[in-house]
Amino acid sequence: MTRLRQKEYFYTIGRYNKPVFTIKTGETIIVETQDCTGNRIKTEKDIGVLQSLKKWNPLSGPIFVEDTEIGDTLVVYINDVKPLRGQGWTGQEPGGVSSAGEDMINEKIPFTLKICHIENGIIKIPLSTGETLDVPSKPFIGTIGTASEVDSYPSIICTNHGGNMDVADVCKGNKLFLPISVKGSYLYMGDAHAIQGDGELNGSPVEIASECTLTLDVIKNKAIKWPRIETPEYIITIGIARPLERACSIATTEMIYWLQKEYKLDPEDAIHLMLNLSRIRVNQVQNPINYSLSVMFPKKYLPNSNR
């Protein structure tokens, strides 16, 4: 199995960066990624990086996927995501969401940085008391996307082609579906997290360098407009926009369309079933350009499911 370990990383997602690897559909690859600072944070003394870093989210790739064309859908089987090192870090960044509440509590929220050791699937989050809180690791890929047809986009933002979506369901055992707008797809990834609360409220959940094992495939002659995910329990549509209401509208519309076109539900039935059975998950409200939100529909209620 091929292992992709790069010397140069990219801060844009687009067709203009030369592919670092070419893969056939159906093949599996292990991709090593850096954390969102380029692995610059190793101890709590590195807190200055949070205030001085100019470029965030170095990405591995682009990977050129053979036999993928405009109008197809890229399928990413996420076989595994795990830390490359035995630690990650979490911190309050300059301008984080929680900083906006300073006026309400009349208290300055400090910049903080905590090194979290990770061993045997357990994250040890240090507390101010000197104790640690043991939390199960739930690693996922925070930034993953394909190239758009014309423009490149920065690695710190998300678009209808993916990018910095911070969707915790981009994790082991799930399938991610991405639009293809250029021949070869040009797949990028990075910014993995060992765990993240909904909304990515402080901007830096436990950030890790990662090892991602992926199988790449294609659905021919089927175009999608926005990213989708399938888990063992849910089908998921992702809306990416600002304000959050717009992201919700996109994800809702995409779910209705998916239920109609692929599961042959009457439009009225699709709307009513989604209204009564779906869940919403706010993925992140930290992004400087767009937020991301998921609508999740339980597979056990899909037509012809073995419920």
# chains A, B, ... in the order shown; residues from 1 in each chain; ligands from 1
>>> residues_around(residues="Cys248 in chain A", least_positions_apart="2", cutoff="12 Å", atoms="only C-alpha atoms", output="list in words")
Thr237, Ile238, Gly239, Ile240, Ala241, Arg242, Pro243, Leu244, Glu245, Arg246, Ile250, Ala251, Thr252, Thr253, Glu254, Met255, Arg279, Ile280, Arg281, Val282, Asn283, Asn290, Tyr291, Ser292, Leu293, Ser294, Val295 and Met296 of chain A
>>> write_last_selection(atoms="C-alpha atoms", output="tab-separated table (two decimals), in the first residue's frame")
chain	number	residue	atom	x	y	z
A	237	THR	CA	-26.06	16.45	3.45
A	238	ILE	CA	-23.76	19.39	4.15
A	239	GLY	CA	-24.67	23.02	3.66
A	240	ILE	CA	-21.86	25.57	3.50
A	241	ALA	CA	-22.66	29.27	3.63
A	242	ARG	CA	-23.06	32.30	5.84
A	243	PRO	CA	-25.24	33.11	7.72
A	244	LEU	CA	-25.99	29.74	9.31
A	245	GLU	CA	-29.60	29.89	8.13
A	246	ARG	CA	-28.36	29.80	4.53
A	250	ILE	CA	-28.77	24.33	1.41
A	251	ALA	CA	-28.45	21.15	3.47
A	252	THR	CA	-32.23	20.83	3.74
A	253	THR	CA	-32.79	21.30	0.01
A	254	GLU	CA	-30.04	18.80	-0.78
A	255	MET	CA	-31.59	16.21	1.53
A	279	ARG	CA	-31.33	15.77	12.85
A	280	ILE	CA	-29.21	18.88	12.43
A	281	ARG	CA	-25.57	19.14	13.41
A	282	VAL	CA	-23.71	22.45	13.42
A	283	ASN	CA	-20.19	21.54	12.33
A	290	ASN	CA	-18.53	30.21	5.53
A	291	TYR	CA	-20.12	28.06	8.22
A	292	SER	CA	-21.00	24.40	7.74
A	293	LEU	CA	-24.07	22.49	8.90
A	294	SER	CA	-25.29	18.92	8.38
A	295	VAL	CA	-28.78	17.50	7.96
A	296	MET	CA	-28.82	13.83	8.99
>>> residues_around(residues="Ile141 in chain A", least_positions_apart="2", cutoff="12 Å", atoms="only C-alpha atoms", output="PyMOL selection string")
chain A and resi 31-36+57+59-60+76+78-83+138-139+143-145+162-172+174+176+188-196+206-214
>>> write_last_selection(atoms="C-alpha atoms", output="CSV table (one decimal), in the first residue's frame")
chain,number,residue,atom,x,y,z
A,31,VAL,CA,-1.8,9.9,3.5
A,32,GLU,CA,0.2,11.6,6.3
A,33,THR,CA,-1.0,15.1,7.2
A,34,GLN,CA,0.4,18.0,9.3
A,35,ASP,CA,-1.7,19.7,12.0
A,36,CYS,CA,-3.2,23.1,11.2
A,57,ASN,CA,-4.0,24.5,7.3
A,59,LEU,CA,-2.7,20.3,3.1
A,60,SER,CA,-1.5,17.1,1.6
A,76,VAL,CA,-13.8,8.6,-0.4
A,78,ILE,CA,-12.4,6.5,5.2
A,79,ASN,CA,-10.8,3.3,6.4
A,80,ASP,CA,-8.9,4.9,9.3
A,81,VAL,CA,-7.8,8.2,10.8
A,82,LYS,CA,-5.3,8.1,13.6
A,83,PRO,CA,-2.7,10.4,15.2
A,138,LYS,CA,-12.8,10.4,17.8
A,139,PRO,CA,-10.4,11.4,15.1
A,143,THR,CA,-10.2,19.7,5.8
A,144,ILE,CA,-10.8,17.7,2.7
A,145,GLY,CA,-11.9,18.8,-0.7
A,162,GLY,CA,-15.5,20.7,0.6
A,163,GLY,CA,-12.4,22.3,2.2
A,164,ASN,CA,-12.3,23.3,5.8
A,165,MET,CA,-15.7,21.9,6.7
A,166,ASP,CA,-14.7,20.5,10.1
A,167,VAL,CA,-17.4,17.8,9.9
A,168,ALA,CA,-16.8,15.2,12.6
A,169,ASP,CA,-18.5,12.5,10.5
A,170,VAL,CA,-15.6,12.5,8.1
A,171,CYS,CA,-14.2,9.7,10.2
A,172,LYS,CA,-13.4,6.0,10.2
A,174,ASN,CA,-17.9,6.4,6.7
A,176,LEU,CA,-17.6,11.0,1.8
A,188,TYR,CA,-6.5,17.6,-0.8
A,189,MET,CA,-6.7,16.9,2.9
A,190,GLY,CA,-5.3,18.0,6.3
A,191,ASP,CA,-6.3,19.7,9.6
A,192,ALA,CA,-7.2,16.5,11.4
A,193,HIS,CA,-8.7,16.6,15.0
A,194,ALA,CA,-8.6,13.9,17.7
A,195,ILE,CA,-11.9,15.2,18.9
A,196,GLN,CA,-14.2,18.2,18.4
A,206,VAL,CA,-7.4,18.8,19.7
A,207,GLU,CA,-5.3,19.3,16.7
A,208,ILE,CA,-3.2,16.4,15.4
A,209,ALA,CA,-0.8,15.3,12.7
A,210,SER,CA,-2.5,12.3,11.2
A,211,GLU,CA,-2.3,9.2,9.2
A,212,CYS,CA,-5.4,8.7,7.0
A,213,THR,CA,-6.1,5.4,5.2
A,214,LEU,CA,-8.5,6.0,2.3
>>> residues_around(residues="Gln260 in chain A", least_positions_apart="4", cutoff="12 Å", atoms="only C-alpha atoms", output="PyMOL selection string")
chain A and resi 253-256+264-271+273-274+302-303
>>> select_by_dssp(residues="range 2-249 of chain A", states="strand (DSSP E)", output="ChimeraX atom specification")
/A:2-4,12-13,21-23,28-33,60-65,73-83,87-92,112-119,122-126,132-136,140-145,153-154,158-159,162-163,175-179,187-195,206-208,210-219,228-230,234-241
>>> select_by_dssp(residues="range 43-260 of chain A", states="helix (DSSP H, G or I)", output="VMD selection string")
chain A and resid 44 to 52 97 to 105 244 to 260
>>> closest_residue(among="A:Thr90, A:Thr129, A:Thr12, A:Thr146", to="Pro58 in chain A", atoms="only C-alpha atoms")
A:Thr12
>>> residues_around(residues="Ile219 in chain A", least_positions_apart="2", cutoff="7 Å", atoms="only C-alpha atoms", output="VMD selection string")
chain A and resid 72 to 74 221 to 222
>>> write_last_selection(atoms="N, CA and C atoms", output="compact mmCIF listing (two decimals), in the first residue's frame")
# COMPACT_ATOMS: atom_id res chain seq x y z
N ASP A 72 -18.85 13.49 -12.64
CA ASP A 72 -18.84 12.30 -11.80
C ASP A 72 -18.86 12.73 -10.33
N THR A 73 -18.95 11.74 -9.45
CA THR A 73 -18.86 11.98 -8.00
C THR A 73 -17.70 11.18 -7.43
N LEU A 74 -16.84 11.83 -6.67
CA LEU A 74 -15.73 11.15 -6.01
C LEU A 74 -16.23 10.54 -4.70
N ASN A 221 -20.98 9.46 -14.15
CA ASN A 221 -22.14 10.14 -14.71
C ASN A 221 -23.19 10.51 -13.66
N LYS A 222 -22.73 10.81 -12.48
CA LYS A 222 -23.62 11.30 -11.43
C LYS A 222 -22.97 12.52 -10.79
>>> residues_around(residues="Tyr153 in chain A", least_positions_apart="5", cutoff="9 Å", atoms="only C-alpha atoms", output="list in words")
Tyr11, Thr12, Ile13, Gly14, Ala147, Ser148, Cys158, Thr159 and Gly163 of chain A
>>> atom_distance(atom1="CA of Leu277 in chain A", atom2="CA of Trp226 in chain A")
21.4 Å
>>> decode(residues="range 125-164 of chain A", atoms="N, CA and C atoms", output="PDB file, in the first residue's frame")
ATOM      1  N   ILE A 125      -6.794  15.345  28.635  1.00  0.00           N
ATOM      2  CA  ILE A 125      -6.908  16.805  28.578  1.00  0.00           C
ATOM      3  C   ILE A 125      -6.516  17.374  29.938  1.00  0.00           C
ATOM      4  N   PRO A 126      -5.435  18.162  30.017  1.00  0.00           N
ATOM      5  CA  PRO A 126      -4.989  18.692  31.311  1.00  0.00           C
ATOM      6  C   PRO A 126      -5.922  19.782  31.835  1.00  0.00           C
ATOM      7  N   LEU A 127      -6.182  19.747  33.135  1.00  0.00           N
ATOM      8  CA  LEU A 127      -7.021  20.738  33.798  1.00  0.00           C
ATOM      9  C   LEU A 127      -6.164  21.633  34.684  1.00  0.00           C
ATOM     10  N   SER A 128      -6.699  22.784  35.041  1.00  0.00           N
ATOM     11  CA  SER A 128      -5.953  23.749  35.855  1.00  0.00           C
ATOM     12  C   SER A 128      -5.644  23.212  37.249  1.00  0.00           C
ATOM     13  N   THR A 129      -6.371  22.171  37.686  1.00  0.00           N
ATOM     14  CA  THR A 129      -6.139  21.564  38.995  1.00  0.00           C
ATOM     15  C   THR A 129      -4.900  20.670  39.014  1.00  0.00           C
ATOM     16  N   GLY A 130      -4.336  20.410  37.832  1.00  0.00           N
ATOM     17  CA  GLY A 130      -3.227  19.475  37.735  1.00  0.00           C
ATOM     18  C   GLY A 130      -3.667  18.077  37.364  1.00  0.00           C
ATOM     19  N   GLU A 131      -4.976  17.846  37.386  1.00  0.00           N
ATOM     20  CA  GLU A 131      -5.517  16.552  36.982  1.00  0.00           C
ATOM     21  C   GLU A 131      -5.717  16.527  35.462  1.00  0.00           C
ATOM     22  N   THR A 132      -6.022  15.364  34.941  1.00  0.00           N
ATOM     23  CA  THR A 132      -6.363  15.249  33.525  1.00  0.00           C
ATOM     24  C   THR A 132      -7.729  14.602  33.385  1.00  0.00           C
ATOM     25  N   LEU A 133      -8.428  15.007  32.339  1.00  0.00           N
ATOM     26  CA  LEU A 133      -9.720  14.403  32.008  1.00  0.00           C
ATOM     27  C   LEU A 133      -9.495  13.445  30.853  1.00  0.00           C
ATOM     28  N   ASP A 134      -9.808  12.172  31.047  1.00  0.00           N
ATOM     29  CA  ASP A 134      -9.629  11.166  30.007  1.00  0.00           C
ATOM     30  C   ASP A 134     -10.873  11.101  29.129  1.00  0.00           C
ATOM     31  N   VAL A 135     -10.665  11.312  27.830  1.00  0.00           N
ATOM     32  CA  VAL A 135     -11.770  11.357  26.870  1.00  0.00           C
ATOM     33  C   VAL A 135     -11.447  10.428  25.700  1.00  0.00           C
ATOM     34  N   PRO A 136     -12.393   9.614  25.246  1.00  0.00           N
ATOM     35  CA  PRO A 136     -12.127   8.766  24.078  1.00  0.00           C
ATOM     36  C   PRO A 136     -11.848   9.596  22.832  1.00  0.00           C
ATOM     37  N   SER A 137     -10.844   9.208  22.103  1.00  0.00           N
ATOM     38  CA  SER A 137     -10.501   9.897  20.860  1.00  0.00           C
ATOM     39  C   SER A 137     -11.504   9.548  19.767  1.00  0.00           C
ATOM     40  N   LYS A 138     -11.898  10.548  18.984  1.00  0.00           N
ATOM     41  CA  LYS A 138     -12.784  10.354  17.836  1.00  0.00           C
ATOM     42  C   LYS A 138     -12.213  11.114  16.640  1.00  0.00           C
ATOM     43  N   PRO A 139     -11.081  10.634  16.108  1.00  0.00           N
ATOM     44  CA  PRO A 139     -10.363  11.404  15.085  1.00  0.00           C
ATOM     45  C   PRO A 139     -11.118  11.501  13.762  1.00  0.00           C
ATOM     46  N   PHE A 140     -10.946  12.637  13.099  1.00  0.00           N
ATOM     47  CA  PHE A 140     -11.565  12.852  11.790  1.00  0.00           C
ATOM     48  C   PHE A 140     -10.736  13.851  10.986  1.00  0.00           C
ATOM     49  N   ILE A 141     -11.046  13.952   9.706  1.00  0.00           N
ATOM     50  CA  ILE A 141     -10.333  14.859   8.806  1.00  0.00           C
ATOM     51  C   ILE A 141     -11.094  16.174   8.754  1.00  0.00           C
ATOM     52  N   GLY A 142     -10.466  17.247   9.231  1.00  0.00           N
ATOM     53  CA  GLY A 142     -11.152  18.537   9.285  1.00  0.00           C
ATOM     54  C   GLY A 142     -11.258  19.231   7.945  1.00  0.00           C
ATOM     55  N   THR A 143     -10.223  19.101   7.122  1.00  0.00           N
ATOM     56  CA  THR A 143     -10.217  19.746   5.810  1.00  0.00           C
ATOM     57  C   THR A 143      -9.991  18.705   4.730  1.00  0.00           C
ATOM     58  N   ILE A 144     -10.934  18.589   3.821  1.00  0.00           N
ATOM     59  CA  ILE A 144     -10.811  17.673   2.687  1.00  0.00           C
ATOM     60  C   ILE A 144     -11.690  18.199   1.564  1.00  0.00           C
ATOM     61  N   GLY A 145     -11.147  18.241   0.357  1.00  0.00           N
ATOM     62  CA  GLY A 145     -11.934  18.788  -0.739  1.00  0.00           C
ATOM     63  C   GLY A 145     -11.294  18.551  -2.087  1.00  0.00           C
ATOM     64  N   THR A 146     -12.070  18.836  -3.121  1.00  0.00           N
ATOM     65  CA  THR A 146     -11.621  18.726  -4.502  1.00  0.00           C
ATOM     66  C   THR A 146     -11.531  20.113  -5.130  1.00  0.00           C
ATOM     67  N   ALA A 147     -10.874  20.165  -6.280  1.00  0.00           N
ATOM     68  CA  ALA A 147     -10.681  21.437  -6.967  1.00  0.00           C
ATOM     69  C   ALA A 147     -11.972  21.899  -7.639  1.00  0.00           C
ATOM     70  N   SER A 148     -12.178  23.213  -7.639  1.00  0.00           N
ATOM     71  CA  SER A 148     -13.287  23.778  -8.403  1.00  0.00           C
ATOM     72  C   SER A 148     -12.856  23.952  -9.856  1.00  0.00           C
ATOM     73  N   GLU A 149     -13.795  24.269 -10.711  1.00  0.00           N
ATOM     74  CA  GLU A 149     -13.524  24.298 -12.147  1.00  0.00           C
ATOM     75  C   GLU A 149     -12.570  25.411 -12.548  1.00  0.00           C
ATOM     76  N   VAL A 150     -12.671  26.558 -11.877  1.00  0.00           N
ATOM     77  CA  VAL A 150     -11.881  27.716 -12.305  1.00  0.00           C
ATOM     78  C   VAL A 150     -10.933  28.176 -11.212  1.00  0.00           C
ATOM     79  N   ASP A 151     -11.476  28.659 -10.111  1.00  0.00           N
ATOM     80  CA  ASP A 151     -10.666  29.312  -9.089  1.00  0.00           C
ATOM     81  C   ASP A 151     -10.129  28.322  -8.059  1.00  0.00           C
ATOM     82  N   SER A 152      -8.975  28.674  -7.475  1.00  0.00           N
ATOM     83  CA  SER A 152      -8.502  27.994  -6.274  1.00  0.00           C
ATOM     84  C   SER A 152      -9.135  28.671  -5.069  1.00  0.00           C
ATOM     85  N   TYR A 153      -9.219  27.948  -3.946  1.00  0.00           N
ATOM     86  CA  TYR A 153      -9.736  28.566  -2.725  1.00  0.00           C
ATOM     87  C   TYR A 153      -8.801  28.250  -1.565  1.00  0.00           C
ATOM     88  N   PRO A 154      -8.675  29.172  -0.597  1.00  0.00           N
ATOM     89  CA  PRO A 154      -7.740  28.969   0.508  1.00  0.00           C
ATOM     90  C   PRO A 154      -8.097  27.754   1.349  1.00  0.00           C
ATOM     91  N   SER A 155      -7.081  27.129   1.925  1.00  0.00           N
ATOM     92  CA  SER A 155      -7.295  25.915   2.715  1.00  0.00           C
ATOM     93  C   SER A 155      -8.044  26.171   4.009  1.00  0.00           C
ATOM     94  N   ILE A 156      -8.169  27.432   4.425  1.00  0.00           N
ATOM     95  CA  ILE A 156      -8.861  27.725   5.686  1.00  0.00           C
ATOM     96  C   ILE A 156     -10.360  27.917   5.507  1.00  0.00           C
ATOM     97  N   ILE A 157     -10.860  27.909   4.260  1.00  0.00           N
ATOM     98  CA  ILE A 157     -12.295  28.110   4.062  1.00  0.00           C
ATOM     99  C   ILE A 157     -12.927  26.848   3.483  1.00  0.00           C
ATOM    100  N   CYS A 158     -14.249  26.822   3.471  1.00  0.00           N
ATOM    101  CA  CYS A 158     -14.977  25.706   2.878  1.00  0.00           C
ATOM    102  C   CYS A 158     -15.923  26.226   1.800  1.00  0.00           C
ATOM    103  N   THR A 159     -16.175  25.375   0.810  1.00  0.00           N
ATOM    104  CA  THR A 159     -17.037  25.721  -0.313  1.00  0.00           C
ATOM    105  C   THR A 159     -17.885  24.498  -0.660  1.00  0.00           C
ATOM    106  N   ASN A 160     -18.597  24.578  -1.765  1.00  0.00           N
ATOM    107  CA  ASN A 160     -19.408  23.433  -2.175  1.00  0.00           C
ATOM    108  C   ASN A 160     -18.547  22.242  -2.610  1.00  0.00           C
ATOM    109  N   HIS A 161     -17.234  22.439  -2.749  1.00  0.00           N
ATOM    110  CA  HIS A 161     -16.324  21.339  -3.079  1.00  0.00           C
ATOM    111  C   HIS A 161     -15.683  20.741  -1.828  1.00  0.00           C
ATOM    112  N   GLY A 162     -16.066  21.220  -0.650  1.00  0.00           N
ATOM    113  CA  GLY A 162     -15.495  20.725   0.596  1.00  0.00           C
ATOM    114  C   GLY A 162     -14.573  21.762   1.202  1.00  0.00           C
ATOM    115  N   GLY A 163     -13.352  21.338   1.556  1.00  0.00           N
ATOM    116  CA  GLY A 163     -12.418  22.259   2.198  1.00  0.00           C
ATOM    117  C   GLY A 163     -12.501  22.153   3.711  1.00  0.00           C
ATOM    118  N   ASN A 164     -12.372  23.286   4.387  1.00  0.00           N
ATOM    119  CA  ASN A 164     -12.300  23.311   5.848  1.00  0.00           C
ATOM    120  C   ASN A 164     -13.705  23.235   6.471  1.00  0.00           C
TER     121      ASN A 164
END
